[in-house]
Every structure is written in structure tokens, then in C-alpha cells.
>>> print(open('query37.cif').read())   # mmCIF, C-alpha atoms
data_upload
#
loop_
_atom_site.label_atom_id
_atom_site.label_comp_id
_atom_site.auth_asym_id
_atom_site.auth_seq_id
_atom_site.Cartn_x
_atom_site.Cartn_y
_atom_site.Cartn_z
CA MET A 1 -231.58 -1.89 122.61
CA LYS A 2 -235.37 -2.11 122.40
CA HIS A 3 -235.60 0.21 119.43
CA VAL A 4 -233.13 -1.97 117.52
CA LEU A 5 -235.25 -5.03 118.34
CA LYS A 6 -238.35 -3.28 117.04
CA LEU A 7 -236.60 -2.35 113.79
CA LEU A 8 -235.24 -5.89 113.37
CA SER A 9 -238.66 -7.45 113.89
CA LEU A 10 -240.12 -5.05 111.31
CA LEU A 11 -237.41 -6.08 108.86
CA VAL A 12 -238.10 -9.78 109.50
CA VAL A 13 -241.83 -9.27 108.88
CA ILE A 14 -241.22 -7.41 105.63
CA SER A 15 -238.79 -10.04 104.33
CA ALA A 16 -241.25 -12.81 105.27
CA LEU A 17 -243.95 -11.01 103.29
CA TRP A 18 -241.59 -10.67 100.35
CA ILE A 19 -240.64 -14.36 100.34
CA GLY A 20 -244.31 -15.28 100.66
CA LEU A 21 -245.12 -13.11 97.67
CA LEU A 22 -242.31 -14.81 95.73
CA GLN A 23 -243.70 -18.25 96.44
CA ALA A 24 -247.35 -17.41 95.85
CA SER A 25 -246.66 -15.81 92.42
CA ILE A 26 -249.61 -13.45 92.49
CA ILE A 27 -247.43 -10.81 90.83
CA PRO A 28 -245.02 -12.01 88.06
CA GLN A 29 -241.72 -13.14 89.57
CA SER A 30 -239.47 -10.59 87.86
CA HIS A 31 -241.57 -7.84 89.46
CA THR A 32 -241.25 -9.33 92.93
CA TRP A 33 -237.45 -9.43 92.68
CA LEU A 34 -237.34 -5.71 92.10
CA LEU A 35 -239.61 -4.79 95.02
CA PRO A 36 -237.01 -4.39 97.85
CA ILE A 37 -234.80 -2.07 95.80
CA TYR A 38 -237.87 -0.08 94.84
CA PHE A 39 -238.84 0.34 98.48
CA ILE A 40 -235.36 1.43 99.50
CA VAL A 41 -235.22 4.01 96.71
CA SER A 42 -238.67 5.31 97.60
CA LEU A 43 -237.66 5.55 101.28
CA GLY A 44 -234.64 7.64 100.34
CA CYS A 45 -236.86 9.81 98.16
CA TYR A 46 -239.30 10.27 101.02
CA GLY A 47 -236.51 11.39 103.35
CA LEU A 48 -235.30 13.91 100.79
CA LEU A 49 -238.86 15.16 100.32
CA MET A 50 -239.31 15.71 104.08
CA VAL A 51 -236.03 17.64 104.25
CA GLY A 52 -237.04 19.83 101.31
CA VAL A 53 -240.52 20.51 102.67
CA GLY A 54 -239.11 21.35 106.10
CA LEU A 55 -236.62 23.74 104.53
CA MET A 56 -239.37 25.49 102.59
CA ARG A 57 -241.60 25.96 105.63
CA PHE A 58 -238.91 26.99 108.10
CA PRO A 59 -240.12 30.04 110.10
CA THR A 60 -237.64 32.92 110.52
CA CYS A 61 -239.37 35.07 113.24
CA PRO A 62 -238.10 38.55 112.25
CA GLU A 63 -239.55 40.30 115.34
CA GLU A 64 -237.75 37.94 117.68
CA ALA A 65 -234.51 38.47 115.76
CA LEU A 66 -234.82 42.23 116.28
CA LEU A 67 -235.54 41.83 120.00
CA LEU A 68 -232.56 39.51 120.26
CA GLN A 69 -230.25 42.10 118.70
CA GLN A 70 -231.55 44.72 121.16
CA ASP A 71 -230.91 42.34 124.05
CA ILE A 72 -227.37 41.72 122.87
CA ALA A 73 -226.62 45.46 122.60
CA GLU A 74 -228.07 46.05 126.07
CA ALA A 75 -225.98 43.24 127.57
CA LYS A 76 -222.82 44.58 125.92
CA ASP A 77 -223.43 48.08 127.36
CA PHE A 78 -224.06 46.69 130.81
CA LEU A 79 -220.90 44.60 130.80
CA LYS A 80 -218.81 47.50 129.48
CA GLN A 81 -220.02 49.64 132.37
CA LYS A 82 -219.02 46.97 134.84
CA GLY A 83 -215.59 46.84 133.28
CA VAL A 84 -215.72 43.52 131.38
CA ASP A 85 -214.52 43.80 127.80
CA VAL A 86 -216.79 41.78 125.50
CA GLY A 87 -215.01 43.23 122.48
CA SER A 88 -216.34 41.55 119.32
CA ASP A 89 -216.72 44.85 117.37
CA MET B 1 -231.48 34.51 103.68
CA GLU B 2 -234.78 32.76 103.73
CA LEU B 3 -235.22 33.01 99.96
CA ALA B 4 -232.09 30.94 99.38
CA ASP B 5 -233.33 28.40 101.92
CA ARG B 6 -236.69 28.25 100.21
CA ALA B 7 -235.05 27.80 96.80
CA VAL B 8 -232.89 24.94 98.06
CA GLY B 9 -235.92 23.32 99.68
CA PHE B 10 -237.93 23.60 96.50
CA LEU B 11 -235.06 22.13 94.49
CA LEU B 12 -234.81 19.19 96.88
CA THR B 13 -238.54 18.45 96.77
CA PHE B 14 -238.59 18.71 92.99
CA THR B 15 -235.61 16.36 92.62
CA SER B 16 -237.04 13.82 95.02
CA LEU B 17 -240.49 13.83 93.39
CA SER B 18 -239.06 13.52 89.89
CA ILE B 19 -236.76 10.65 90.92
CA PHE B 20 -239.69 8.92 92.57
CA THR B 21 -242.03 9.19 89.57
CA TYR B 22 -239.33 8.20 87.08
CA TYR B 23 -238.33 5.18 89.13
CA THR B 24 -241.94 4.13 89.71
CA PHE B 25 -242.61 4.28 85.99
CA TRP B 26 -239.42 2.39 85.23
CA VAL B 27 -239.90 -0.48 87.65
CA ILE B 28 -243.64 -0.93 87.94
CA ILE B 29 -245.43 0.38 84.86
CA LEU B 30 -242.95 -0.25 82.06
CA PRO B 31 -242.88 -4.09 82.21
CA PHE B 32 -246.61 -4.09 81.47
CA VAL B 33 -246.26 -1.94 78.37
CA ASP B 34 -245.72 -3.57 74.94
CA SER B 35 -242.10 -3.58 73.94
CA ASP B 36 -242.59 -1.59 70.72
CA ASN B 37 -244.33 1.36 72.35
CA PHE B 38 -242.65 4.75 71.87
CA ILE B 39 -242.33 5.36 75.63
CA HIS B 40 -239.49 2.84 75.88
CA ASN B 41 -237.19 5.34 74.14
CA TYR B 42 -237.35 7.62 77.18
CA PHE B 43 -236.24 4.98 79.66
CA LEU B 44 -232.91 3.19 79.91
CA PRO B 45 -232.90 -0.65 79.71
CA GLN B 46 -234.18 -2.38 82.80
CA GLU B 47 -230.84 -3.65 84.08
CA TYR B 48 -229.85 -0.07 84.87
CA ALA B 49 -232.88 0.21 87.19
CA ILE B 50 -231.02 -2.09 89.58
CA LEU B 51 -227.46 -1.03 88.78
CA ILE B 52 -227.84 2.71 89.38
CA PRO B 53 -229.34 2.56 92.92
CA VAL B 54 -226.88 -0.16 93.95
CA CYS B 55 -223.91 1.86 92.67
CA ALA B 56 -225.25 4.99 94.35
CA GLY B 57 -225.65 3.09 97.62
CA VAL B 58 -222.13 1.70 97.42
CA VAL B 59 -220.70 5.16 96.70
CA LEU B 60 -222.66 6.63 99.62
CA LEU B 61 -221.45 3.95 102.04
CA SER B 62 -217.83 4.34 100.96
CA LEU B 63 -218.01 8.13 101.30
CA LEU B 64 -219.45 7.69 104.79
CA CYS B 65 -216.64 5.31 105.77
CA ILE B 66 -214.00 7.66 104.36
CA PHE B 67 -215.48 10.56 106.30
CA ILE B 68 -215.52 8.59 109.55
CA GLY B 69 -211.95 7.44 108.95
CA LEU B 70 -210.75 10.99 108.32
CA VAL B 71 -212.43 12.29 111.48
CA LEU B 72 -210.91 9.48 113.56
CA LEU B 73 -207.44 10.12 112.12
CA LYS B 74 -207.72 13.84 112.76
CA SER B 75 -208.75 13.31 116.38
CA LYS B 76 -205.92 10.84 116.94
CA LYS B 77 -203.39 13.26 115.46
CA LYS B 78 -204.63 16.05 117.69
CA LYS B 79 -204.33 13.90 120.80
CA ALA B 80 -200.77 12.84 119.92
#
>>> encode(input="query37.cif", output="C-alpha cells")
Amino acid sequence: MKHVLKLLSLLVVISALWIGLLQASIIPQSHTWLLPIYFIVSLGCYGLLMVGVGLMRFPTCPEEALLLQQDIAEAKDFLKQKGVDVGSD
Amino acid sequence: MELADRAVGFLLTFTSLSIFTYYTFWVIILPFVDSDNFIHNYFLPQEYAILIPVCAGVVLLSLLCIFIGLVLLKSKKKKA
């Protein structure tokens, strides 16, 4: 519940800033009307960017993958000796 | 394979950066440029700058609702 309240208060602050900017007319009014949509689009873009960057830098750990395969083979042998059929190959 | 992952990641970053720069140009820089400059030929009229994101958002929301509805229906059918 508290996280939602934090988000809501942030939203209220941003909309208050936007209405204040509309009234004060520092930037031409047509510009100010477009600002919320611009921020939403840029937020979506930022999310996509983070996903892409994370995908590019994802580590694959090849040595650990090899060790894992060895562990799996060892476990299968052990279970087959004890009589349990693991049977995926 | 990690090369495919890296290619997809690069594609995503490239798309997002290009969309961001294009949209920034469209909304922020273009209104300050004179209306008979050549650069206006590369950008659609300004009404589309609002229409396209709104339409995309509506499509996204409806797809999300359809997906949730399908999952709920499938779970109800499985229970019955």
C-alpha cells in the first residue's frame, strides 16, 4: 500500500508542476500541452533501452555450464546404481 | 545462443534510441523551426505526434486485457 501512495504522490507533484507551467506561460502553451505525452513515450523508450542493454550484457558462464552438465551426469549414474530410473535419454 | 541474444538486444536498443530521437525532434525542436525549412518534409504533421502514441497505448491496453481474459477463461475451463 505504501508504494502505491508514494507513486500517487509523485504523480500529483508532476501534474501540479505541469499545471503551474501551463499557467505561468514560460514555454509557449502548445508546447506545454504536449509535455505529458512526451514524457510517457520517453519512459517507454527508456524501459526498452534498459531491456536491450541488459540482453546485450547478459553473462553466459560457459565453465559453470560445463560443470553443471558433469554434475547432472554424475547424479544420473548414482541414481541408476541405486535403482531409480531417471530416464530422460 | 548468446549471439542471437546479443543481436536482439542491439536491435531493441537501436529501435528505442531512434524512436526517442525522432520523437524528441518532432515534439520539441520542430515547432521552433521556420515552416518552409526542408526538414519538415521528413516529419509527419504534428497531429500525428499525439495520435500515434495514443493509438499505440490503446492497442497495448486492449491486447493486455484480451490476454488476461483468455488466461482467466482457460483456467475456468480447466477447473470445470
>>> interface_residues(input="query37.cif", of="chain A", to="chain B", cutoff="10 Å", atoms="all atoms listed in the file", output="JSON list (two decimals) with C-alpha atoms, keeping the file's coordinate frame")
[["chain", "number", "residue", "atom", "x", "y", "z"],
["A", 30, "SER", "CA", -239.47, -10.59, 87.86],
["A", 31, "HIS", "CA", -241.57, -7.84, 89.46],
["A", 34, "LEU", "CA", -237.34, -5.71, 92.10],
["A", 35, "LEU", "CA", -239.61, -4.79, 95.02],
["A", 37, "ILE", "CA", -234.80, -2.07, 95.80],
["A", 38, "TYR", "CA", -237.87, -0.08, 94.84],
["A", 40, "ILE", "CA", -235.36, 1.43, 99.50],
["A", 41, "VAL", "CA", -235.22, 4.01, 96.71],
["A", 42, "SER", "CA", -238.67, 5.31, 97.60],
["A", 43, "LEU", "CA", -237.66, 5.55, 101.28],
["A", 44, "GLY", "CA", -234.64, 7.64, 100.34],
["A", 45, "CYS", "CA", -236.86, 9.81, 98.16],
["A", 46, "TYR", "CA", -239.30, 10.27, 101.02],
["A", 47, "GLY", "CA", -236.51, 11.39, 103.35],
["A", 48, "LEU", "CA", -235.30, 13.91, 100.79],
["A", 49, "LEU", "CA", -238.86, 15.16, 100.32],
["A", 50, "MET", "CA", -239.31, 15.71, 104.08],
["A", 51, "VAL", "CA", -236.03, 17.64, 104.25],
["A", 52, "GLY", "CA", -237.04, 19.83, 101.31],
["A", 53, "VAL", "CA", -240.52, 20.51, 102.67],
["A", 54, "GLY", "CA", -239.11, 21.35, 106.10],
["A", 55, "LEU", "CA", -236.62, 23.74, 104.53],
["A", 56, "MET", "CA", -239.37, 25.49, 102.59],
["A", 57, "ARG", "CA", -241.60, 25.96, 105.63],
["A", 58, "PHE", "CA", -238.91, 26.99, 108.10],
["A", 59, "PRO", "CA", -240.12, 30.04, 110.10],
["A", 60, "THR", "CA", -237.64, 32.92, 110.52]]
>>> atom_distance(input="query37.cif", atom1="atom CA of A:Lys6", atom2="atom CA of A:Gly20")
21.2 Å
>>> atom_distance(input="query37.cif", atom1="atom CA of A:Cys61", atom2="atom CA of A:Ala73")
18.9 Å
>>> residues_around(input="query37.cif", residues="stretch 15-17 of chain A", least_positions_apart="4", cutoff="12 Å", atoms="all atoms listed in the file", output="compact mmCIF listing (two decimals) with C-alpha atoms, in the coordinates of the input")
# COMPACT_ATOMS: atom_id res chain seq x y z
CA LEU A 8 -235.24 -5.89 113.37
CA SER A 9 -238.66 -7.45 113.89
CA LEU A 10 -240.12 -5.05 111.31
CA LEU A 11 -237.41 -6.08 108.86
CA LEU A 21 -245.12 -13.11 97.67
CA LEU A 22 -242.31 -14.81 95.73
CA GLN A 23 -243.70 -18.25 96.44
CA ALA A 24 -247.35 -17.41 95.85
CA THR A 32 -241.25 -9.33 92.93
CA TRP A 33 -237.45 -9.43 92.68
CA LEU A 35 -239.61 -4.79 95.02
CA PRO A 36 -237.01 -4.39 97.85
CA PHE A 39 -238.84 0.34 98.48
>>> atom_distance(input="query37.cif", atom1="atom CA of B:Cys55", atom2="atom CA of A:Ile14")
23.5 Å
>>> residues_around(input="query37.cif", residues="B:Leu30", least_positions_apart="4", cutoff="12 Å", atoms="all atoms listed in the file", output="ChimeraX atom specification")
/A:31 /B:22-26,34-46,49
>>> write_last_selection(input="query37.cif", atoms="C-alpha atoms", output="PDB file, in the coordinates of the input")
ATOM      1  CA  HIS A  31    -241.570  -7.840  89.460  1.00  0.00           C
TER       2      HIS A  31
ATOM      3  CA  TYR B  22    -239.330   8.200  87.080  1.00  0.00           C
ATOM      4  CA  TYR B  23    -238.330   5.180  89.130  1.00  0.00           C
ATOM      5  CA  THR B  24    -241.940   4.130  89.710  1.00  0.00           C
ATOM      6  CA  PHE B  25    -242.610   4.280  85.990  1.00  0.00           C
ATOM      7  CA  TRP B  26    -239.420   2.390  85.230  1.00  0.00           C
ATOM      8  CA  ASP B  34    -245.720  -3.570  74.940  1.00  0.00           C
ATOM      9  CA  SER B  35    -242.100  -3.580  73.940  1.00  0.00           C
ATOM     10  CA  ASP B  36    -242.590  -1.590  70.720  1.00  0.00           C
ATOM     11  CA  ASN B  37    -244.330   1.360  72.350  1.00  0.00           C
ATOM     12  CA  PHE B  38    -242.650   4.750  71.870  1.00  0.00           C
ATOM     13  CA  ILE B  39    -242.330   5.360  75.630  1.00  0.00           C
ATOM     14  CA  HIS B  40    -239.490   2.840  75.880  1.00  0.00           C
ATOM     15  CA  ASN B  41    -237.190   5.340  74.140  1.00  0.00           C
ATOM     16  CA  TYR B  42    -237.350   7.620  77.180  1.00  0.00           C
ATOM     17  CA  PHE B  43    -236.240   4.980  79.660  1.00  0.00           C
ATOM     18  CA  LEU B  44    -232.910   3.190  79.910  1.00  0.00           C
ATOM     19  CA  PRO B  45    -232.900  -0.650  79.710  1.00  0.00           C
ATOM     20  CA  GLN B  46    -234.180  -2.380  82.800  1.00  0.00           C
ATOM     21  CA  ALA B  49    -232.880   0.210  87.190  1.00  0.00           C
TER      22      ALA B  49
END
